[in-house]
$ cat work_5.json   # JSON, C-alpha atoms
[["chain", "number", "residue", "atom", "x", "y", "z"],
["T", 15, "MET", "CA", 117.73, -67.12, -103.69],
["T", 16, "SER", "CA", 115.36, -69.73, -105.02],
["T", 17, "ASN", "CA", 114.20, -69.69, -108.58],
["T", 18, "PRO", "CA", 110.63, -68.39, -108.72],
["T", 19, "ASP", "CA", 110.01, -70.61, -111.78],
["T", 20, "GLU", "CA", 110.52, -73.77, -109.74],
["T", 21, "ALA", "CA", 107.31, -74.93, -108.14],
["T", 22, "PRO", "CA", 107.57, -76.66, -104.79],
["T", 23, "GLN", "CA", 107.23, -80.43, -104.92],
["T", 24, "PRO", "CA", 104.08, -81.78, -103.24],
["T", 25, "GLN", "CA", 104.75, -83.63, -100.02],
["T", 26, "GLN", "CA", 104.00, -87.33, -99.86],
["T", 27, "PRO", "CA", 100.99, -88.20, -97.70],
["T", 28, "GLY", "CA", 102.16, -89.22, -94.23],
["T", 29, "ALA", "CA", 105.75, -88.12, -94.84],
["T", 30, "GLN", "CA", 107.55, -85.90, -92.37],
["T", 31, "PRO", "CA", 110.11, -83.26, -93.34],
["T", 32, "PRO", "CA", 113.76, -84.25, -92.83],
["T", 33, "GLN", "CA", 115.27, -83.29, -89.53],
["T", 34, "PRO", "CA", 117.62, -80.30, -89.53],
["T", 35, "GLY", "CA", 121.16, -81.30, -90.47],
["T", 36, "ALA", "CA", 120.22, -84.76, -91.73],
["T", 37, "GLN", "CA", 121.35, -85.51, -95.28],
["T", 38, "PRO", "CA", 119.81, -88.39, -97.22],
["T", 39, "PRO", "CA", 122.22, -90.70, -99.07],
["T", 40, "GLN", "CA", 123.01, -89.58, -102.58],
["T", 41, "PRO", "CA", 122.70, -91.99, -105.50],
["T", 42, "GLY", "CA", 125.95, -93.97, -105.93],
["T", 43, "ASN", "CA", 127.21, -93.28, -102.41],
["T", 44, "VAL", "CA", 127.11, -95.82, -99.60],
["T", 45, "PRO", "CA", 125.96, -94.24, -96.30],
["T", 46, "PRO", "CA", 128.31, -94.66, -93.34],
["T", 47, "ALA", "CA", 127.81, -97.46, -90.84],
["T", 48, "GLY", "CA", 125.04, -96.75, -88.37],
["T", 49, "TYR", "CA", 123.34, -94.16, -90.59],
["T", 50, "GLN", "CA", 119.60, -93.85, -89.91],
["T", 51, "PRO", "CA", 117.47, -91.96, -92.44],
["T", 52, "PRO", "CA", 115.04, -89.35, -91.04],
["T", 53, "GLN", "CA", 111.63, -90.67, -90.04],
["T", 54, "GLY", "CA", 109.24, -90.62, -92.97],
["T", 55, "TYR", "CA", 111.99, -90.03, -95.53],
["T", 56, "GLN", "CA", 111.38, -91.58, -98.96],
["T", 57, "PRO", "CA", 114.15, -91.83, -101.59],
["T", 58, "PRO", "CA", 113.69, -89.97, -104.89],
["T", 59, "GLN", "CA", 111.75, -91.73, -107.63],
["T", 60, "GLY", "CA", 113.98, -94.11, -109.59],
["T", 61, "TYR", "CA", 116.69, -94.28, -106.90],
["T", 62, "GLN", "CA", 118.49, -97.63, -106.78],
["T", 63, "PRO", "CA", 120.73, -98.54, -103.79],
["T", 64, "PRO", "CA", 124.30, -99.66, -104.55],
["T", 65, "PRO", "CA", 124.93, -103.42, -105.02],
["T", 66, "GLY", "CA", 125.36, -105.22, -101.72],
["T", 67, "TYR", "CA", 123.78, -102.42, -99.64],
["T", 68, "GLN", "CA", 121.36, -103.58, -96.97],
["T", 69, "SER", "CA", 119.10, -101.25, -95.11],
["T", 70, "PRO", "CA", 119.21, -101.34, -91.29],
["T", 71, "GLY", "CA", 117.38, -104.36, -89.92],
["T", 72, "GLN", "CA", 117.27, -106.18, -93.26],
["T", 73, "GLN", "CA", 117.67, -109.94, -92.88],
["T", 74, "PRO", "CA", 118.97, -112.42, -95.49],
["T", 75, "GLN", "CA", 116.33, -114.24, -97.48],
["T", 76, "PRO", "CA", 115.30, -117.67, -96.14],
["T", 77, "GLY", "CA", 117.25, -120.56, -97.62],
["T", 78, "GLN", "CA", 120.31, -118.41, -98.48],
["T", 79, "TYR", "CA", 123.72, -118.61, -96.88],
["T", 80, "SER", "CA", 124.75, -115.63, -94.80],
["T", 81, "GLN", "CA", 128.26, -116.89, -94.05],
["T", 82, "PRO", "CA", 130.23, -119.99, -95.09],
["T", 83, "GLY", "CA", 129.05, -122.96, -93.08],
["T", 84, "GLN", "CA", 125.82, -121.30, -91.97],
["T", 85, "TYR", "CA", 122.34, -121.59, -93.43],
["T", 86, "SER", "CA", 118.86, -120.43, -92.63],
["T", 87, "GLN", "CA", 115.72, -122.51, -92.52],
["T", 88, "PRO", "CA", 113.83, -122.64, -95.83],
["T", 89, "ALA", "CA", 110.60, -120.68, -95.84],
["T", 90, "ALA", "CA", 107.33, -122.53, -95.46],
["T", 91, "GLY", "CA", 106.03, -123.67, -98.82],
["T", 92, "GLN", "CA", 109.33, -122.92, -100.57],
["T", 93, "PRO", "CA", 110.43, -125.83, -102.80],
["T", 94, "GLY", "CA", 113.58, -127.56, -101.61],
["T", 95, "GLY", "CA", 114.87, -128.07, -105.13],
["T", 96, "PHE", "CA", 116.11, -131.65, -104.64],
["T", 97, "HIS", "CA", 118.96, -132.37, -107.00],
["T", 98, "PHE", "CA", 121.03, -135.57, -106.72],
["T", 99, "GLU", "CA", 124.75, -135.41, -107.44],
["T", 100, "MET", "CA", 127.31, -138.17, -107.08],
["T", 101, "PRO", "CA", 129.59, -137.51, -104.07],
["T", 102, "THR", "CA", 133.06, -136.17, -104.83],
["T", 103, "ASP", "CA", 134.46, -136.56, -101.31],
["T", 104, "GLY", "CA", 135.04, -140.32, -101.37],
["T", 105, "PRO", "CA", 137.66, -141.84, -99.05],
["T", 106, "ARG", "CA", 141.19, -142.14, -100.44],
["T", 107, "SER", "CA", 142.61, -144.39, -97.72],
["T", 108, "PHE", "CA", 141.47, -146.59, -94.87],
["T", 109, "ASN", "CA", 142.08, -143.74, -92.42],
["T", 110, "ASP", "CA", 139.48, -141.64, -94.24],
["T", 111, "VAL", "CA", 136.87, -144.29, -93.43],
["T", 112, "LEU", "CA", 137.50, -144.27, -89.68],
["T", 113, "PRO", "CA", 135.64, -141.65, -87.60],
["T", 114, "GLN", "CA", 137.67, -138.62, -86.60],
["T", 115, "GLY", "CA", 138.65, -138.87, -82.93],
["T", 116, "GLY", "CA", 137.55, -142.52, -82.72],
["T", 117, "PHE", "CA", 134.27, -143.63, -81.20],
["T", 118, "SER", "CA", 134.43, -141.37, -78.14],
["T", 119, "GLY", "CA", 132.13, -138.78, -79.76],
["T", 120, "MET", "CA", 129.53, -141.28, -80.92],
["T", 121, "PHE", "CA", 126.64, -139.55, -79.14],
["T", 122, "LYS", "CA", 127.69, -135.94, -79.81],
["T", 123, "THR", "CA", 125.54, -134.21, -82.45],
["T", 124, "GLN", "CA", 126.27, -130.50, -82.04],
["T", 125, "GLY", "CA", 125.60, -128.48, -85.19],
["T", 126, "LEU", "CA", 123.36, -131.03, -86.91],
["T", 127, "PRO", "CA", 119.84, -130.04, -88.00],
["T", 128, "THR", "CA", 117.00, -131.91, -86.33],
["T", 129, "GLU", "CA", 116.38, -134.17, -89.31],
["T", 130, "LEU", "CA", 119.96, -135.41, -89.37],
["T", 131, "LYS", "CA", 120.08, -135.82, -85.59],
["T", 132, "VAL", "CA", 117.10, -138.16, -85.70],
["T", 133, "SER", "CA", 118.51, -140.03, -88.70],
["T", 134, "TYR", "CA", 121.94, -140.35, -87.06],
["T", 135, "PHE", "CA", 120.59, -141.82, -83.84],
["T", 136, "ILE", "CA", 118.40, -144.23, -85.80],
["T", 137, "TRP", "CA", 121.45, -145.54, -87.64],
["T", 138, "VAL", "CA", 123.67, -145.78, -84.57],
["T", 139, "ILE", "CA", 121.15, -147.32, -82.17],
["T", 140, "SER", "CA", 119.78, -149.80, -84.71],
["T", 141, "GLY", "CA", 123.35, -150.77, -85.63],
["T", 142, "LEU", "CA", 124.31, -151.41, -82.01],
["T", 143, "VAL", "CA", 121.11, -153.40, -81.43],
["T", 144, "GLY", "CA", 121.81, -155.42, -84.56],
["T", 145, "LEU", "CA", 125.28, -156.29, -83.29],
["T", 146, "LEU", "CA", 123.88, -157.37, -79.93],
["T", 147, "PHE", "CA", 121.16, -159.62, -81.32],
["T", 148, "GLY", "CA", 123.53, -160.96, -83.94],
["T", 149, "LEU", "CA", 125.94, -162.16, -81.30],
["T", 150, "ILE", "CA", 123.08, -163.81, -79.42],
["T", 151, "GLY", "CA", 121.92, -165.53, -82.61],
["T", 152, "LEU", "CA", 125.44, -166.77, -83.23],
["T", 153, "PHE", "CA", 125.25, -169.07, -80.22],
["T", 154, "ALA", "CA", 121.95, -170.51, -81.47],
["T", 155, "ILE", "CA", 123.47, -171.24, -84.87],
["T", 156, "ILE", "CA", 126.48, -172.97, -83.34],
["T", 157, "ALA", "CA", 124.13, -175.23, -81.39],
["T", 158, "ALA", "CA", 122.09, -175.94, -84.55],
["T", 159, "PHE", "CA", 125.12, -177.37, -86.37],
["T", 160, "ALA", "CA", 124.68, -180.56, -84.33],
["T", 161, "PHE", "CA", 121.18, -181.17, -85.73],
["T", 162, "ILE", "CA", 120.78, -179.44, -89.14],
["T", 163, "PRO", "CA", 124.27, -178.50, -90.34],
["T", 164, "ALA", "CA", 123.27, -177.54, -93.90],
["T", 165, "LEU", "CA", 120.62, -175.05, -92.86],
["T", 166, "ALA", "CA", 122.78, -173.80, -90.01],
["T", 167, "ALA", "CA", 125.59, -173.05, -92.47],
["T", 168, "VAL", "CA", 123.26, -170.91, -94.59],
["T", 169, "ALA", "CA", 122.01, -169.11, -91.49],
["T", 170, "LEU", "CA", 125.58, -168.49, -90.37],
["T", 171, "VAL", "CA", 126.47, -166.80, -93.66],
["T", 172, "LEU", "CA", 123.42, -164.56, -93.46],
["T", 173, "LEU", "CA", 124.19, -163.73, -89.84],
["T", 174, "LEU", "CA", 127.79, -162.77, -90.64],
["T", 175, "VAL", "CA", 126.53, -160.49, -93.41],
["T", 176, "SER", "CA", 124.04, -158.96, -90.97],
["T", 177, "LEU", "CA", 126.80, -158.35, -88.39],
["T", 178, "ALA", "CA", 129.03, -156.75, -91.02],
["T", 179, "VAL", "CA", 126.19, -154.49, -92.15],
["T", 180, "ALA", "CA", 125.42, -153.45, -88.56],
["T", 181, "ALA", "CA", 129.06, -152.59, -87.85],
["T", 182, "ALA", "CA", 129.42, -150.66, -91.11],
["T", 183, "GLN", "CA", 126.19, -148.85, -90.32],
["T", 184, "VAL", "CA", 127.61, -147.39, -87.10],
["T", 185, "VAL", "CA", 130.87, -146.30, -88.76],
["T", 186, "LEU", "CA", 129.11, -144.76, -91.78],
["T", 187, "ALA", "CA", 126.66, -142.92, -89.54],
["T", 188, "MET", "CA", 129.59, -141.26, -87.75],
["T", 189, "LYS", "CA", 131.12, -140.26, -91.09],
["T", 190, "MET", "CA", 127.74, -138.91, -92.22],
["T", 191, "LYS", "CA", 127.71, -136.80, -89.06],
["T", 192, "GLU", "CA", 130.99, -135.28, -90.27],
["T", 193, "GLY", "CA", 129.27, -134.13, -93.47],
["T", 194, "LYS", "CA", 130.59, -136.85, -95.81],
["T", 195, "GLU", "CA", 128.19, -137.26, -98.70],
["T", 196, "TRP", "CA", 129.67, -140.62, -99.68],
["T", 197, "ALA", "CA", 128.71, -141.97, -96.25],
["T", 198, "ARG", "CA", 125.13, -140.80, -96.76],
["T", 199, "LEU", "CA", 125.00, -142.61, -100.10],
["T", 200, "ALA", "CA", 126.49, -145.76, -98.53],
["T", 201, "LEU", "CA", 123.85, -145.70, -95.77],
["T", 202, "THR", "CA", 121.19, -145.49, -98.46],
["T", 203, "ALA", "CA", 122.68, -148.64, -100.01],
["T", 204, "ILE", "CA", 122.65, -150.33, -96.59],
["T", 205, "ALA", "CA", 118.90, -149.75, -96.43],
["T", 206, "ALA", "CA", 118.62, -151.69, -99.70],
["T", 207, "VAL", "CA", 120.78, -154.48, -98.24],
["T", 208, "SER", "CA", 118.52, -154.65, -95.18],
["T", 209, "LEU", "CA", 115.59, -155.19, -97.55],
["T", 210, "VAL", "CA", 117.39, -158.15, -99.13],
["T", 211, "LEU", "CA", 118.17, -159.60, -95.69],
["T", 212, "ALA", "CA", 114.53, -159.22, -94.69],
["T", 213, "ILE", "CA", 113.42, -161.13, -97.79],
["T", 214, "PHE", "CA", 115.87, -163.98, -97.18],
["T", 215, "GLY", "CA", 115.06, -164.02, -93.48],
["T", 216, "SER", "CA", 111.34, -164.38, -94.21],
["T", 217, "ILE", "CA", 111.93, -167.54, -96.27],
["T", 218, "ASN", "CA", 114.14, -169.15, -93.63],
["T", 219, "MET", "CA", 111.76, -172.09, -93.36],
["T", 220, "GLY", "CA", 111.78, -173.53, -89.88],
["T", 221, "GLY", "CA", 115.49, -172.92, -89.44],
["T", 222, "PRO", "CA", 117.26, -171.85, -86.26],
["T", 223, "SER", "CA", 116.36, -168.48, -84.83],
["T", 224, "THR", "CA", 118.94, -165.94, -86.04],
["T", 225, "GLY", "CA", 117.07, -162.71, -85.48],
["T", 226, "LEU", "CA", 116.66, -162.25, -89.23],
["T", 227, "GLY", "CA", 112.89, -162.40, -88.93],
["T", 228, "SER", "CA", 112.95, -158.93, -87.38],
["T", 229, "ASN", "CA", 114.72, -157.47, -90.42],
["T", 230, "TRP", "CA", 111.43, -156.23, -91.85],
["T", 231, "PHE", "CA", 111.16, -153.88, -88.91],
["T", 232, "GLY", "CA", 114.82, -152.98, -89.36],
["T", 233, "PHE", "CA", 114.22, -152.16, -93.01],
["T", 234, "LEU", "CA", 111.31, -149.86, -92.18],
["T", 235, "VAL", "CA", 113.44, -148.06, -89.59],
["T", 236, "SER", "CA", 116.28, -147.71, -92.11],
["T", 237, "ALA", "CA", 113.86, -146.34, -94.71],
["T", 238, "VAL", "CA", 112.80, -143.60, -92.30],
["T", 239, "ALA", "CA", 116.45, -142.72, -91.62],
["T", 240, "VAL", "CA", 117.17, -142.54, -95.35],
["T", 241, "VAL", "CA", 114.28, -140.17, -95.99],
["T", 242, "LEU", "CA", 115.45, -137.85, -93.19],
["T", 243, "MET", "CA", 118.96, -137.72, -94.71],
["T", 244, "TRP", "CA", 117.65, -136.48, -98.06],
["T", 245, "LEU", "CA", 115.19, -133.84, -96.88],
["T", 246, "PRO", "CA", 115.83, -130.24, -98.11],
["T", 247, "ASN", "CA", 117.08, -129.03, -94.73],
["T", 248, "SER", "CA", 119.59, -131.89, -94.61],
["T", 249, "GLN", "CA", 120.67, -131.09, -98.17],
["T", 250, "LEU", "CA", 121.43, -127.50, -97.14],
["T", 251, "TRP", "CA", 123.55, -128.69, -94.24],
["T", 252, "PHE", "CA", 125.66, -130.99, -96.43],
["T", 253, "LYS", "CA", 126.20, -128.17, -98.92],
["T", 254, "ALA", "CA", 127.22, -125.81, -96.13],
["T", 255, "VAL", "CA", 129.77, -128.29, -94.77],
["T", 256, "LYS", "CA", 131.09, -128.95, -98.27],
["T", 257, "GLY", "CA", 131.50, -125.21, -98.87],
["T", 258, "THR", "CA", 133.70, -124.78, -95.79],
["T", 259, "ALA", "CA", 135.83, -127.87, -96.36]]
$ encode --input "work_5.json" --output "structure tokens"
Amino acid sequence: MSNPDEAPQPQQPGAQPPQPGAQPPQPGNVPPAGYQPPQGYQPPQGYQPPPGYQSPGQQPQPGQYSQPGQYSQPAAGQPGGFHFEMPTDGPRSFNDVLPQGGFSGMFKTQGLPTELKVSYFIWVISGLVGLLFGLIGLFAIIAAFAFIPALAAVALVLLLVSLAVAAAQVVLAMKMKEGKEWARLALTAIAAVSLVLAIFGSINMGGPSTGLGSNWFGFLVSAVAVVLMWLPNSQLWFKAVKGTA
């Protein structure tokens, strides 16, 4: 028998009575998997769900990791929280510098966010183009040694540096694709080197054509690739890869 002194609790507006046989979860108990509360049911005032409990259909907050190696897109307007840290995954041997599996997977970018895909292809394509034009310029420099050997020698040194930078750019881009933060930092330094080459190429007064005059365009392209590597979405991807390593 019910206690006559207990007054019935007023029903919440819009709430429906629990279905027969349905029991709401008690405080401190985790409901079984697949449990669905009755339609219109509201928990008692002051009820707190257990730690880690997620209601059916609840999704993880944007920008948080749901599983190791996975991330969600940051919400619109949410600050990325850029924070630079020196890489701790530097190469320990020459084999750590070489791309895994060789150069056969150069154009495979599965799993990369859009920003890093664009940045990766910028680095690879511009590096291959730099190697091609550098080899063409090499023949012009060899021919110039017969007329202006001093200036041709300077141009040859700059061209060899440019070829080395282009080759390193392709290799570092492939290591960046593997999630190596040291490769990303090295590519950022290469963008600075391309700026120096552009400055020296612009003061190559009347010398033989070495292709260095186009380094200003190459620097601008490299600057775009650097920015894409350091965007918040790219930062999340590098952290995700580092967490599963």
$ residues_around --input "work_5.json" --residues "Lys256 in chain T" --least-positions-apart "6" --cutoff "9 Å" --atoms "all atoms listed in the file" --output "PyMOL selection string"
chain T and resi 83+103+193-195
$ atom_distance --input "work_5.json" --atom1 "CA of Thr123 in chain T" --atom2 "CA of Ala237 in chain T"
20.8 Å
$ atom_distance --input "work_5.json" --atom1 "CA of Gly141 in chain T" --atom2 "CA of Val168 in chain T"
22.0 Å
$ atom_distance --input "work_5.json" --atom1 "CA of Val185 in chain T" --atom2 "CA of Gly144 in chain T"
13.5 Å
$ residues_around --input "work_5.json" --residues "Leu234 in chain T" --least-positions-apart "5" --cutoff "10 Å" --atoms "only C-alpha atoms" --output "list in words"
Ala205, Ser208, Leu209, Asn229, Ala239 and Val240 of chain T
$ closest_residue --input "work_5.json" --among "T:Met120, T:Ile204, T:Lys131, T:Val111" --to "Ser248 in chain T" --atoms "only C-alpha atoms"
T:Lys131
$ closest_residue --input "work_5.json" --among "T:Ala160, T:Met188, T:Val210, T:Ala197" --to "Ser176 in chain T" --atoms "all atoms listed in the file"
T:Val210
$ residues_near_point --input "work_5.json" --point "(130.3, -149.5, -88.0)" --cutoff "12 Å" --atoms "only C-alpha atoms" --output "number ranges by chain"
T: 111-113, 116-117, 120, 137-145, 176-190, 197, 200-201, 204
